[in-house]
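Participant: mmCIF, C-alpha atoms, file final-v4.cif:
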```cif
data_coords
#
loop_
_atom_site.label_atom_id
_atom_site.label_comp_id
_atom_site.auth_asym_id
_atom_site.auth_seq_id
_atom_site.Cartn_x
_atom_site.Cartn_y
_atom_site.Cartn_z
CA MET A 1 52.51 9.33 -9.80
CA SER A 2 54.35 6.29 -11.10
CA CYS A 3 53.06 5.75 -14.64
CA GLU A 4 52.34 7.91 -17.66
CA LYS A 5 50.38 7.63 -20.88
CA SER A 6 52.88 6.61 -23.55
CA GLN A 7 50.90 5.89 -26.73
CA GLN A 8 47.60 4.62 -28.15
CA HIS A 9 46.56 1.36 -29.78
CA LEU A 10 43.78 1.23 -32.35
CA LEU A 11 40.84 -1.15 -31.87
CA ILE A 12 39.26 -2.05 -35.22
CA LEU A 13 35.69 -3.14 -34.52
CA ASP A 14 33.01 -4.59 -36.79
CA ASP A 15 29.54 -3.33 -35.87
CA THR A 16 27.91 -5.63 -38.42
CA LEU A 17 28.54 -8.59 -36.09
CA HIS A 18 25.77 -7.35 -33.78
CA ASP A 19 22.32 -5.87 -34.06
CA ILE A 20 22.43 -3.11 -31.43
CA ASP A 21 21.32 0.51 -31.42
CA ASP A 22 24.71 1.97 -30.47
CA LYS A 23 28.12 1.27 -31.90
CA ILE A 24 30.23 -1.28 -30.02
CA ARG A 25 32.88 1.36 -29.26
CA GLU A 26 30.21 3.39 -27.40
CA GLU A 27 29.52 0.55 -24.95
CA LEU A 28 32.92 -0.99 -24.10
CA SER A 29 32.89 -2.08 -20.47
CA SER A 30 35.81 -4.47 -19.86
CA VAL A 31 38.93 -5.96 -21.41
CA VAL A 32 41.40 -8.76 -20.71
CA ARG A 33 44.38 -10.15 -22.66
CA THR A 34 45.42 -13.71 -23.52
CA GLY A 35 48.64 -13.81 -25.52
CA ASP A 36 48.28 -11.65 -28.65
CA TYR A 37 44.50 -11.48 -28.25
CA LEU A 38 42.26 -8.97 -26.53
CA TRP A 39 38.85 -9.98 -25.23
CA LEU A 40 36.33 -7.16 -24.93
CA ALA A 41 32.83 -6.89 -23.51
CA PHE A 42 30.20 -4.29 -24.26
CA ASP A 43 27.42 -3.83 -21.76
CA GLU A 44 24.44 -4.20 -24.11
CA GLY A 45 25.49 -7.64 -25.23
CA TYR A 46 25.73 -11.27 -24.22
CA SER A 47 28.96 -12.02 -26.07
CA LEU A 48 32.71 -11.56 -25.90
CA GLU A 49 34.61 -9.82 -28.69
CA ARG A 50 38.08 -11.02 -29.68
CA LEU A 51 40.73 -8.94 -31.44
CA LYS A 52 44.26 -9.92 -32.47
CA ARG A 53 47.28 -7.66 -32.05
CA ASN A 54 49.50 -6.56 -34.90
CA LYS A 55 52.00 -4.00 -33.54
CA ASN A 56 49.86 -1.07 -32.31
CA THR A 57 46.59 -2.27 -33.81
CA TYR A 58 44.06 -4.87 -32.70
CA SER A 59 41.87 -6.22 -35.50
CA GLN A 60 40.38 -9.44 -37.00
CA HIS A 61 37.26 -8.97 -34.89
CA GLN A 62 35.40 -12.17 -33.98
CA THR A 63 32.48 -12.58 -31.60
CA PHE A 64 31.64 -15.47 -29.23
CA SER A 65 28.07 -15.72 -27.91
CA LEU A 66 28.09 -16.77 -24.27
CA THR A 67 24.79 -18.59 -24.81
CA GLU A 68 26.88 -21.32 -26.48
CA PHE A 69 28.84 -21.94 -23.28
CA ILE A 70 26.66 -21.15 -20.26
CA ASP A 71 22.93 -21.23 -19.48
CA LEU A 72 21.47 -17.73 -19.21
CA PRO A 73 18.00 -17.35 -17.63
CA ALA A 74 16.92 -14.75 -20.19
CA GLY A 75 18.71 -16.29 -23.18
CA LYS A 76 20.05 -13.85 -25.73
CA SER A 77 19.62 -10.62 -23.78
CA GLU A 78 21.92 -8.20 -22.02
CA ILE A 79 24.29 -9.53 -19.35
CA ASP A 80 25.75 -6.10 -18.59
CA ILE A 81 29.24 -7.59 -18.46
CA GLU A 82 31.38 -5.25 -16.36
CA GLY A 83 34.37 -7.42 -15.52
CA LEU A 84 36.66 -9.88 -17.32
CA ALA A 85 39.62 -11.81 -15.89
CA TYR A 86 41.94 -14.61 -17.02
CA ASP A 87 43.47 -17.12 -14.61
CA GLY A 88 45.54 -19.14 -17.10
CA SER A 89 42.75 -21.64 -17.86
CA TYR A 90 39.44 -19.78 -17.71
CA LEU A 91 38.02 -16.47 -18.77
CA TRP A 92 35.89 -15.15 -15.91
CA ILE A 93 32.86 -12.98 -16.57
CA ALA A 94 31.07 -10.76 -14.06
CA GLY A 95 27.69 -9.20 -14.70
CA SER A 96 26.84 -6.01 -12.84
CA HIS A 97 24.24 -7.60 -10.51
CA SER A 98 22.55 -4.18 -10.52
CA SER A 99 19.03 -3.00 -11.23
CA LYS A 100 18.61 0.03 -13.47
CA ARG A 101 16.46 3.13 -13.39
CA ASP A 102 14.69 4.18 -16.57
CA LYS A 103 16.02 7.28 -18.38
CA PRO A 104 13.87 10.25 -19.52
CA ASP A 105 15.75 10.60 -22.80
CA ASP A 106 12.90 10.96 -25.30
CA ARG A 107 12.17 14.70 -25.59
CA ASP A 108 9.13 13.94 -27.74
CA GLU A 109 7.37 12.47 -24.72
CA SER A 110 5.38 14.63 -22.32
CA VAL A 111 7.04 16.06 -19.21
CA LYS A 112 4.75 13.88 -17.08
CA ARG A 113 5.82 10.75 -18.95
CA ARG A 114 9.52 11.59 -18.69
CA ILE A 115 9.27 12.26 -14.97
CA LYS A 116 7.40 8.99 -14.53
CA ARG A 117 10.23 7.12 -16.22
CA LEU A 118 12.55 8.13 -13.37
CA SER A 119 10.35 6.15 -10.98
CA LYS A 120 10.65 2.91 -12.93
CA ILE A 121 13.26 0.33 -11.93
CA LYS A 122 14.04 -2.67 -14.11
CA PHE A 123 15.68 -6.02 -13.35
CA ASP A 124 17.44 -7.79 -16.22
CA HIS A 125 17.73 -11.49 -15.37
CA ASN A 126 21.09 -12.06 -17.07
CA ARG A 127 22.84 -9.36 -15.03
CA TYR A 128 23.19 -11.77 -12.09
CA THR A 129 25.98 -13.68 -13.83
CA ILE A 130 29.36 -14.75 -12.51
CA ALA A 131 30.76 -17.39 -14.84
CA ARG A 132 33.88 -19.02 -16.20
CA VAL A 133 34.57 -20.34 -19.71
CA PRO A 134 37.64 -22.41 -20.69
CA VAL A 135 40.00 -20.57 -23.03
CA VAL A 136 42.50 -22.75 -24.86
CA LYS A 137 45.61 -21.87 -26.86
CA ASN A 138 46.35 -23.66 -30.11
CA PRO A 139 50.05 -24.61 -29.72
CA LYS A 140 50.65 -24.34 -33.48
CA THR A 141 48.94 -21.03 -34.26
CA GLY A 142 48.91 -19.32 -30.88
CA GLU A 143 45.17 -18.69 -31.27
CA TYR A 144 43.03 -18.55 -28.13
CA THR A 145 39.45 -19.81 -28.37
CA LEU A 146 36.59 -20.46 -25.96
CA GLN A 147 35.44 -24.01 -25.26
CA LYS A 148 32.40 -25.42 -23.49
CA SER A 149 34.43 -28.36 -22.20
CA CYS A 150 37.91 -29.64 -22.98
CA PRO A 151 40.88 -31.49 -21.45
CA ASN A 152 43.00 -29.36 -19.17
CA PRO A 153 46.31 -28.81 -21.04
CA LYS A 154 48.10 -28.66 -17.67
CA GLN A 155 46.41 -31.83 -16.34
CA PRO A 156 45.19 -33.86 -19.37
CA LYS A 157 43.26 -36.35 -17.21
CA LYS A 158 41.07 -33.54 -15.90
CA LYS A 159 38.56 -31.40 -17.77
CA LEU A 160 37.92 -27.69 -17.96
CA THR A 161 34.20 -26.93 -18.05
CA ALA A 162 32.14 -23.80 -18.53
CA ALA A 163 29.92 -23.05 -15.53
CA LYS A 164 28.19 -20.19 -13.70
CA LEU A 165 27.30 -19.29 -10.16
CA LYS A 166 23.81 -20.35 -9.06
CA ALA A 167 21.38 -17.55 -9.84
CA GLY A 168 17.70 -16.80 -10.23
CA LYS A 169 15.91 -14.01 -12.06
CA LYS A 170 16.58 -11.28 -9.48
CA ARG A 171 19.43 -12.62 -7.38
CA SER A 172 22.56 -14.74 -7.60
CA GLN A 173 23.66 -16.88 -4.67
CA LEU A 174 26.03 -14.04 -3.77
CA SER A 175 23.44 -11.26 -3.81
CA LYS A 176 21.07 -13.44 -1.75
CA LYS A 177 23.74 -13.50 0.94
CA LEU A 178 24.38 -9.75 0.67
CA VAL A 179 20.70 -8.96 1.29
CA LYS A 180 21.34 -9.95 4.92
CA ASP A 181 24.66 -8.11 5.24
CA LYS A 182 24.82 -5.10 7.56
CA HIS A 183 26.76 -3.04 5.00
CA PHE A 184 24.76 -4.03 1.92
CA ALA A 185 21.15 -4.67 2.99
CA ARG A 186 19.93 -1.11 2.42
CA PHE A 187 21.53 -0.90 -1.04
CA MET A 188 20.41 -4.15 -2.67
CA ASP A 189 17.32 -2.81 -4.43
CA ILE A 190 18.80 0.59 -5.27
CA PRO A 191 19.89 0.90 -8.95
CA GLY A 192 23.60 0.78 -9.64
CA LYS A 193 23.83 4.36 -10.92
CA ASP A 194 22.16 5.53 -7.66
CA ASN A 195 24.94 4.04 -5.44
CA GLY A 196 23.26 0.64 -5.23
CA LEU A 197 25.07 -2.66 -5.64
CA ASP A 198 27.06 -2.58 -8.89
CA ILE A 199 29.88 -5.05 -9.69
CA GLU A 200 32.28 -3.41 -12.15
CA GLY A 201 35.47 -5.44 -11.96
CA ILE A 202 36.80 -8.95 -11.41
CA ALA A 203 40.32 -10.26 -10.73
CA VAL A 204 41.39 -13.83 -10.04
CA ILE A 205 44.47 -14.91 -8.09
CA GLY A 206 44.57 -18.67 -7.58
CA GLU A 207 41.28 -19.65 -5.90
CA ARG A 208 40.67 -16.09 -4.73
CA ILE A 209 38.13 -14.14 -6.81
CA PHE A 210 37.88 -10.40 -6.22
CA LEU A 211 34.83 -8.38 -7.26
CA GLY A 212 35.27 -4.61 -7.41
CA LEU A 213 32.16 -2.59 -6.60
CA ARG A 214 31.29 0.74 -8.16
CA GLY A 215 28.65 0.97 -5.48
CA PRO A 216 27.81 1.16 -2.76
CA VAL A 217 30.49 3.58 -1.62
CA LEU A 218 30.18 4.07 2.14
CA ARG A 219 31.36 7.45 3.41
CA GLY A 220 34.06 7.50 0.75
CA TRP A 221 35.09 3.85 1.15
CA ALA A 222 34.88 1.54 -1.86
CA ILE A 223 34.43 -2.20 -1.39
CA ILE A 224 36.09 -5.26 -2.88
CA LEU A 225 34.32 -8.56 -2.26
CA GLU A 226 36.39 -11.74 -2.11
CA ILE A 227 34.81 -15.09 -2.90
CA GLN A 228 35.83 -18.63 -3.79
CA LEU A 229 33.74 -20.98 -5.92
CA LYS A 230 33.47 -24.73 -6.28
CA GLN A 231 31.67 -27.04 -8.68
CA LYS A 232 28.07 -27.80 -7.69
CA SER A 233 27.08 -29.69 -10.84
CA LYS A 234 28.22 -29.95 -14.44
CA LYS A 235 27.08 -26.41 -15.30
CA LYS A 236 26.81 -24.70 -11.92
CA LEU A 237 29.15 -23.25 -9.33
CA LYS A 238 28.41 -22.38 -5.72
CA LEU A 239 30.02 -20.21 -3.09
CA LYS A 240 32.69 -22.01 -1.11
CA LYS A 241 33.00 -21.48 2.63
CA ILE A 242 36.11 -19.45 3.42
CA GLY A 243 37.74 -18.35 6.62
CA LYS A 244 37.63 -19.89 10.07
CA HIS A 245 33.98 -18.94 10.51
CA GLY A 246 32.93 -20.48 7.19
CA GLN A 247 31.62 -17.26 5.66
CA ARG A 248 30.71 -17.17 1.96
CA TYR A 249 32.58 -13.95 1.20
CA ARG A 250 35.01 -11.43 2.66
CA LYS A 251 34.83 -7.65 2.51
CA HIS A 252 37.82 -5.39 1.85
CA PHE A 253 37.29 -1.64 2.31
CA VAL A 254 39.50 0.72 0.31
CA ASN A 255 39.63 4.50 0.71
CA LEU A 256 39.56 5.85 -2.85
CA HIS A 257 38.56 9.41 -1.94
CA GLY A 258 34.88 8.74 -2.57
CA MET A 259 35.32 6.98 -5.90
CA GLY A 260 33.86 3.62 -6.79
CA ILE A 261 35.71 0.79 -8.55
CA ARG A 262 35.45 0.62 -12.35
CA GLU A 263 37.80 -2.31 -12.99
CA LEU A 264 40.31 -4.63 -11.33
CA ALA A 265 43.42 -6.22 -12.81
CA VAL A 266 46.43 -8.21 -11.63
CA ALA A 267 50.04 -7.26 -12.31
CA GLU A 268 52.39 -9.90 -10.90
CA ASP A 269 51.68 -9.73 -7.12
CA ASP A 270 49.92 -6.37 -7.24
CA LEU A 271 46.21 -5.62 -7.48
CA LEU A 272 45.33 -2.71 -9.78
CA ILE A 273 42.19 -0.61 -9.40
CA LEU A 274 40.59 1.70 -11.94
CA ALA A 275 38.37 4.05 -9.93
CA GLY A 276 35.88 6.78 -10.82
CA PRO A 277 32.53 8.34 -9.93
CA THR A 278 29.94 5.95 -8.54
CA MET A 279 27.07 8.09 -9.90
CA ASP A 280 26.42 8.72 -13.59
CA GLY A 281 28.52 11.83 -13.97
CA ASP A 282 31.79 13.26 -15.21
CA GLY A 283 34.80 13.27 -12.95
CA THR A 284 38.33 12.06 -12.43
CA ILE A 285 39.06 8.41 -13.19
CA ALA A 286 42.31 7.30 -11.61
CA LEU A 287 44.53 4.24 -11.46
CA TYR A 288 45.63 2.80 -8.11
CA ARG A 289 47.88 -0.05 -7.01
CA ILE A 290 47.76 -2.22 -3.89
CA VAL A 291 51.31 -3.53 -3.65
CA LYS A 292 51.35 -7.30 -2.93
CA GLY A 293 47.55 -7.34 -3.19
CA LEU A 294 45.00 -7.82 -0.45
CA PRO A 295 45.79 -9.79 2.72
CA ASP A 296 44.80 -13.45 2.67
CA ALA A 297 42.60 -15.22 5.23
CA LYS A 298 41.03 -12.07 6.66
CA GLU A 299 39.00 -8.98 5.85
CA SER A 300 40.81 -5.67 5.59
CA ILE A 301 40.49 -1.90 5.53
CA LEU A 302 43.08 0.10 3.57
CA TYR A 303 43.69 3.80 4.14
CA ASN A 304 44.99 6.34 1.63
CA ASP A 305 48.63 5.86 2.62
CA GLU A 306 48.38 2.10 2.03
CA ILE A 307 47.32 2.55 -1.61
CA GLU A 308 49.52 3.97 -4.36
CA ARG A 309 47.89 6.35 -6.81
CA LEU A 310 49.63 5.71 -10.13
CA ALA A 311 47.96 8.12 -12.56
CA ASN A 312 44.94 10.15 -13.49
CA VAL A 313 43.49 8.35 -16.52
CA THR A 314 40.92 11.01 -17.42
CA LEU A 315 39.67 14.18 -15.75
CA GLY A 316 36.24 14.28 -17.40
CA HIS A 317 35.33 16.35 -20.46
CA GLU A 318 33.86 19.84 -20.10
CA THR A 319 33.10 20.11 -23.82
CA GLU A 320 31.75 16.55 -24.21
CA TYR A 321 29.76 15.75 -21.10
CA GLY A 322 29.45 12.03 -20.35
CA LYS A 323 32.33 11.01 -22.62
CA ASP A 324 35.59 9.12 -22.14
CA LYS A 325 34.59 6.94 -19.21
CA ALA A 326 37.52 4.56 -18.61
CA GLU A 327 36.00 1.13 -17.91
CA GLY A 328 38.47 -1.59 -18.93
CA LEU A 329 42.03 -2.33 -17.81
CA THR A 330 44.49 -5.10 -18.65
CA LEU A 331 48.23 -5.72 -18.67
CA THR A 332 49.86 -6.07 -22.10
CA GLU A 333 52.60 -8.53 -23.02
CA ASP A 334 55.01 -5.56 -22.90
CA ASN A 335 54.16 -5.02 -19.22
CA GLU A 336 52.17 -1.89 -19.98
CA LEU A 337 48.60 -1.05 -19.04
CA LEU A 338 45.90 -0.87 -21.70
CA VAL A 339 42.75 1.13 -20.92
CA VAL A 340 39.54 1.09 -22.97
CA TYR A 341 36.73 3.64 -22.77
CA ASP A 342 32.97 3.61 -22.74
CA ALA A 343 31.53 6.54 -24.76
CA PRO A 344 34.92 7.56 -26.22
CA ALA A 345 35.50 11.25 -26.90
CA THR A 346 35.48 12.42 -30.51
CA ASN A 347 39.28 12.55 -30.68
CA ARG A 348 39.41 8.91 -29.61
CA GLN A 349 37.20 7.75 -32.48
CA GLN A 350 38.36 6.75 -35.94
CA ASN A 351 36.32 5.87 -39.02
CA GLU A 352 32.76 4.67 -38.42
CA SER A 353 33.43 2.01 -35.80
CA ASP A 354 37.02 2.13 -34.50
CA ALA A 355 38.43 3.59 -31.30
CA PHE A 356 41.77 4.18 -29.61
CA ALA A 357 42.80 2.56 -26.32
CA ASP A 358 45.40 4.26 -24.15
CA ILE A 359 48.68 2.66 -23.14
CA PHE A 360 50.26 3.58 -19.80
CA THR A 361 53.75 2.64 -18.67
CA TYR A 362 53.83 0.33 -15.66
CA PRO A 363 56.62 0.74 -13.10
CA GLY A 364 58.96 -2.22 -12.78
CA GLY A 365 58.19 -5.77 -13.75
CA LYS A 366 59.23 -7.89 -16.68
CA LYS A 367 57.90 -8.66 -20.13
CA ILE A 368 55.14 -11.27 -19.85
CA SER A 369 53.55 -13.83 -22.17
#
```
Could the structure of this file be written out as structure tokens, please?

Facilitator:
Amino acid sequence: MSCEKSQQHLLILDDTLHDIDDKIREELSSVVRTGDYLWLAFDEGYSLERLKRNKNTYSQHQTFSLTEFIDLPAGKSEIDIEGLAYDGSYLWIAGSHSSKRDKPDDRDESVKRRIKRLSKIKFDHNRYTIARVPVVKNPKTGEYTLQKSCPNPKQPKKKLTAAKLKAGKKRSQLSKKLVKDKHFARFMDIPGKDNGLDIEGIAVIGERIFLGLRGPVLRGWAIILEIQLKQKSKKKLKLKKIGKHGQRYRKHFVNLHGMGIRELAVAEDDLLILAGPTMDGDGTIALYRIVKGLPDAKESILYNDEIERLANVTLGHETEYGKDKAEGLTLTEDNELLVVYDAPATNRQQNESDAFADIFTYPGGKKIS
């Protein structure tokens, strides 16, 4: 293995900014960095959370409701944000695109009622979101903020605009295409935690947008979808035709020993993968690297010896079942890897609302800004 856990950074979170049943630290699902700022998502919300770094602590929590930047079909309700990426101009947001099966959690209900819950499948309209929002740096203060529309600092005569992929209540333009796909058709109406379609990571390299799938996993092979988007109207994006046959997406199959993808990130020319169980269970979550990224202009299939396993992030908790699920990954300005956890273990919690993120060394590279 090529990287090791070196230290922890404290995330100081303010639960009073949201009215949710669980604490924010219990629901963290993705993270990305811009300068000294971390952007976090939690999967019950429809907002992005921003923290500012001060040495080994991230604090000064502010929240940005995505309803102020993009049109959501269900308004202020859960997007189930599972992926964040930054391309130098935009923050990209990926909803899970998954349906969900009801949980028989209430022990006060009858056995019949609890069993019946396991037959119920729900579709949350906002989950079918793939969107971008301009993020702009104040040259005087270094502060990064979201904008609905603004001049492009790199090309002042052009504008950056917030927009989202065309979507309806139960499908986005992408999932409508996948319904007809020979690999995906049987999985489209299966809930994400049952090995159905479940987007859990996004990475952007130039015009190439990569979506990491927690499910389906096909005979041990995880899938990364590659798409490109173009402006359809002021607020909407649509899938761009790519490849010589004009397809709307490409498929890349990656052998991760039966694990699904929990997050994607970019480190210079490399594509990083955080991978773990596709089902809702404890198990190893590991960090992988595809050196020089995925091949351009064609689909691919990568075997074990073409992927570098960098580290085991967590091995699951025997004493705290269902805890410490690594879900977010980003590169720090010190060229290290920062990992955040959904349902952090007790030893990762501090005070009423705060949590520790892990820092892993990253082999090679240079300090970045």

Participant: Skipping near chain neighbours, those fewer than 6 positions away, what residues fall within 12 Å of A:Leu229 using all atoms listed in the file, listed as an NGL selection string?

Facilitator: :A and (92 or 130-132 or 163-166 or 173-174 or 204 or 206-210 or 236-242 or 248-249)

Participant: If you measure from atom CA of A:Arg127 to atom CA of A:Leu146, what distance in Å do you get, rounded to one decimal?

Facilitator: 20.8 Å

Participant: Take the PyMOL selection byres ((chain A and resi 103) around 10), run it mentally on this structure, and tell me the resulting residues as a PDB file with C-alpha atoms, in the coordinates of the input.

Facilitator:
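Everything below was put into result.pdb:
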```pdb
ATOM      1  CA  LYS A 100      18.610   0.030 -13.470  1.00  0.00           C
ATOM      2  CA  ARG A 101      16.460   3.130 -13.390  1.00  0.00           C
ATOM      3  CA  ASP A 102      14.690   4.180 -16.570  1.00  0.00           C
ATOM      4  CA  PRO A 104      13.870  10.250 -19.520  1.00  0.00           C
ATOM      5  CA  ASP A 105      15.750  10.600 -22.800  1.00  0.00           C
ATOM      6  CA  ASP A 106      12.900  10.960 -25.300  1.00  0.00           C
ATOM      7  CA  ARG A 114       9.520  11.590 -18.690  1.00  0.00           C
ATOM      8  CA  ILE A 115       9.270  12.260 -14.970  1.00  0.00           C
ATOM      9  CA  LYS A 116       7.400   8.990 -14.530  1.00  0.00           C
ATOM     10  CA  ARG A 117      10.230   7.120 -16.220  1.00  0.00           C
ATOM     11  CA  LEU A 118      12.550   8.130 -13.370  1.00  0.00           C
ATOM     12  CA  SER A 119      10.350   6.150 -10.980  1.00  0.00           C
ATOM     13  CA  LYS A 120      10.650   2.910 -12.930  1.00  0.00           C
ATOM     14  CA  ILE A 121      13.260   0.330 -11.930  1.00  0.00           C
TER      15      ILE A 121
END
```

Participant: Can you list, as a short mmCIF file (atom, residue, chain, number, x, y, z; two decimals) with C-alpha atoms, in the coordinates of the input, the residues that the PyMOL selection byres ((chain A and resi 312) around 9) selects here?

Facilitator:
```cif
data_model
loop_
_atom_site.label_atom_id
_atom_site.label_comp_id
_atom_site.auth_asym_id
_atom_site.auth_seq_id
_atom_site.Cartn_x
_atom_site.Cartn_y
_atom_site.Cartn_z
CA MET A 1 52.51 9.33 -9.80
CA GLU A 4 52.34 7.91 -17.66
CA THR A 284 38.33 12.06 -12.43
CA ILE A 285 39.06 8.41 -13.19
CA ALA A 286 42.31 7.30 -11.61
CA LEU A 287 44.53 4.24 -11.46
CA ARG A 309 47.89 6.35 -6.81
CA LEU A 310 49.63 5.71 -10.13
CA ALA A 311 47.96 8.12 -12.56
CA VAL A 313 43.49 8.35 -16.52
CA THR A 314 40.92 11.01 -17.42
CA LEU A 315 39.67 14.18 -15.75
#
```

Participant: Can you translate the PyMOL selection byres ((chain A and resi 51) around 6) into the concrete residues it hits in this file, as a PyMOL selection string?

Facilitator: chain A and resi 37-38+50+52+58-61

Participant: Name the closest residue to A:Ala265 among the candidates A:Ser98, A:Ser172, A:Thr34, A:Thr330; distances are taken between atoms, counting all atoms listed in the file.

Facilitator: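 Using all atoms listed in the file, A:Ala265 sits closest to A:Thr330.
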
Participant: Give me the residues near stretch 70-75 of chain A as a list in words, where near means some atom within 10 Å (using all atoms listed in the file) and where sequence neighbours in that chain fewer than 6 positions away do not count.

Facilitator: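 Contacts, with the query itself left out: Tyr46, Asp124, His125, Asn126, Arg127, Tyr128, Thr129, Ala131, Arg132, Val133, Lys148, Thr161, Ala162, Ala163, Lys164, Ala167, Gly168, Lys169, Lys235 and Lys236 of chain A.
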
Participant: In Å to one decimal, how far is atom CA of A:Ser65 from atom CA of A:Asp19?

Facilitator: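 Straight-line distance from atom CA of A:Asp19 to atom CA of A:Ser65 works out to 13.0 Å.
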